[in-house]
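K.L.:
Here's a structure for you.
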Amino acid sequence: MPSIPLGRYHLLHFLHQPYQYILFADLEIPVCREQVKYLKTIQEKIGQELDILLILTPATRVSNQDFIRTEQIPGKIVNDTNDKAIGKKYKIRSYPSALLLNRDHKVVLSPAKTPLDGFEYQFPGKK
């Protein structure tokens, strides 16, 4: 999997749980906002086995920072570039989209179900 640059470091190296759930979302899309809000439930149910990484597209009508703070969204938050470079690198065609990686950054589920579509039931070991 491509690494996500974060200054001189790569974000995936800061994630330490056995799995990493990556959700790509555009908060200007109402369904994406609801999917992102449900990350709190995912964190409560399986957060001890999972790092959540939320990659947000740049927004003009919604303040990404205000939404994340107001809704108390868990996980690491990364804002994509204006040209959606991270989304392009991961070949994201629509929002929301999700992936599940293992500790070695190998793809376990691509696509993974989004939070409201039952990701917690698709999660390995929770069937």
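Each chain in the structure tokens gets a letter, A, B and so on, in the order shown; residues start at 1 in every chain, and ligands are counted from 1 in the order they appear.
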Quick one: residues within 10 Å of Ile77 of chain A, only C-alpha atoms counted, chain neighbours fewer than 4 positions away excluded, as a CSV table (one decimal) with N, CA and C atoms, in the first residue's frame?
P.N.:
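result-v8.csv, written as the output of this step:
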```csv
chain,number,residue,atom,x,y,z
A,23,LEU,N,-10.8,5.4,6.2
A,23,LEU,CA,-12.0,5.8,5.6
A,23,LEU,C,-11.8,7.1,4.9
A,52,ILE,N,-8.0,3.9,13.6
A,52,ILE,CA,-8.9,4.6,12.6
A,52,ILE,C,-8.1,5.7,11.9
A,53,LEU,N,-8.1,5.7,10.6
A,53,LEU,CA,-7.5,6.8,9.9
A,53,LEU,C,-8.6,7.4,9.0
A,54,LEU,N,-8.9,8.7,9.1
A,54,LEU,CA,-9.9,9.3,8.4
A,54,LEU,C,-9.2,10.3,7.4
A,55,ILE,N,-9.4,10.2,6.1
A,55,ILE,CA,-8.8,11.0,5.1
A,55,ILE,C,-10.0,11.9,4.5
A,56,LEU,N,-9.9,13.2,4.7
A,56,LEU,CA,-11.0,14.1,4.3
A,56,LEU,C,-10.6,14.9,3.1
A,64,ASN,N,-14.1,21.1,8.0
A,64,ASN,CA,-13.7,19.8,8.4
A,64,ASN,C,-13.3,19.8,9.9
A,65,GLN,N,-12.5,20.8,10.3
A,65,GLN,CA,-12.0,20.9,11.7
A,65,GLN,C,-13.2,21.1,12.6
A,68,ILE,N,-15.2,17.7,13.0
A,68,ILE,CA,-14.5,16.7,13.7
A,68,ILE,C,-14.5,17.0,15.2
A,73,ILE,N,-15.0,13.1,16.7
A,73,ILE,CA,-14.6,11.9,15.8
A,73,ILE,C,-13.3,11.4,16.3
```
K.L.:
Run DSSP on the backbone and grab whatever in chain A lands in strand (DSSP E); send it over as a PDB file with C-alpha atoms, in the first residue's frame.
P.N.:
```pdb
ATOM      1  CA  PRO A   5       3.235  11.397   3.795  1.00  0.00           C
ATOM      2  CA  LEU A   6       3.046  13.476   6.960  1.00  0.00           C
ATOM      3  CA  TYR A   9       7.257  10.831   8.369  1.00  0.00           C
ATOM      4  CA  HIS A  10       4.691   8.446   7.014  1.00  0.00           C
ATOM      5  CA  TYR A  19      -5.473  -3.402  11.950  1.00  0.00           C
ATOM      6  CA  GLN A  20      -5.854   0.004  10.319  1.00  0.00           C
ATOM      7  CA  TYR A  21      -9.247   1.101   9.027  1.00  0.00           C
ATOM      8  CA  ILE A  22      -8.909   3.868   6.452  1.00  0.00           C
ATOM      9  CA  LEU A  23     -12.042   5.828   5.610  1.00  0.00           C
ATOM     10  CA  PHE A  24     -12.017   8.350   2.773  1.00  0.00           C
ATOM     11  CA  ALA A  25     -14.815  10.888   3.155  1.00  0.00           C
ATOM     12  CA  LEU A  50      -8.100  -1.088  15.249  1.00  0.00           C
ATOM     13  CA  ASP A  51      -6.525   2.252  14.404  1.00  0.00           C
ATOM     14  CA  ILE A  52      -8.895   4.561  12.555  1.00  0.00           C
ATOM     15  CA  LEU A  53      -7.507   6.822   9.872  1.00  0.00           C
ATOM     16  CA  LEU A  54      -9.910   9.345   8.354  1.00  0.00           C
ATOM     17  CA  ILE A  55      -8.848  11.050   5.135  1.00  0.00           C
ATOM     18  CA  LEU A  56     -11.011  14.056   4.315  1.00  0.00           C
ATOM     19  CA  LYS A  76      -6.108  10.156  13.119  1.00  0.00           C
ATOM     20  CA  ILE A  77      -7.402  12.806  10.736  1.00  0.00           C
ATOM     21  CA  VAL A  78      -5.649  13.768   7.504  1.00  0.00           C
ATOM     22  CA  ASN A  79      -6.851  16.438   5.100  1.00  0.00           C
ATOM     23  CA  SER A  97     -14.708   4.482   0.582  1.00  0.00           C
ATOM     24  CA  ALA A  98     -12.853   2.301   3.067  1.00  0.00           C
ATOM     25  CA  LEU A  99      -9.918  -0.098   3.281  1.00  0.00           C
ATOM     26  CA  LEU A 100      -8.678  -2.397   6.016  1.00  0.00           C
ATOM     27  CA  LEU A 101      -4.952  -3.013   6.379  1.00  0.00           C
ATOM     28  CA  ASN A 102      -3.104  -5.337   8.720  1.00  0.00           C
ATOM     29  CA  VAL A 107      -4.630  -5.019   2.347  1.00  0.00           C
ATOM     30  CA  VAL A 108      -7.087  -7.257   4.202  1.00  0.00           C
ATOM     31  CA  LEU A 109     -10.299  -5.818   2.746  1.00  0.00           C
TER      32      LEU A 109
END
```
K.L.:
Find the residues near Asp26 of chain A: any atom within 10 Å, counting only C-alpha atoms, skip ones fewer than 4 places away on the same chain, and give them as a ChimeraX atom specification.
P.N.:
/A:30-33,36,55-59,62,64,80,94-97
K.L.:
For a quick check of understanding, using only C-alpha atoms, which of A:Asn82, A:Lys37, A:Gly75, A:His16 has the smallest distance to Glu49 of chain A?
P.N.:
A:His16
K.L.:
Report, in Å to a single decimal, how far apart atom CA of Asp66 of chain A and atom CA of Leu116 of chain A are.
P.N.:
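Distance between the two atoms: 21.8 Å.
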K.L.:
If you measure from atom CA of Ile29 of chain A to atom CA of Lys45 of chain A, what distance in Å do you get, rounded to one decimal?
P.N.:
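Rounded to one decimal, the two atoms are 25.3 Å apart.
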K.L.:
Smallest atom-to-atom distance to Ser63 of chain A: which of A:Glu34, A:Glu120, A:Asp104, A:Glu28, using only C-alpha atoms?
P.N.:
A:Glu28
K.L.:
Looking at only C-alpha atoms, which of A:Phe123, A:Lys91, A:Leu27, A:Pro74 is the one that sits closest to Glu44 of chain A?
P.N.:
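Result for the nearest residue to Glu44 of chain A: A:Pro74.
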K.L.:
Pick out each residue of chain A that DSSP on the backbone tags as alpha helix (DSSP H); I need them as an MDAnalysis selection string.
P.N.:
chainID A and resid 30:37 39:46 64:71 85:89 119:122
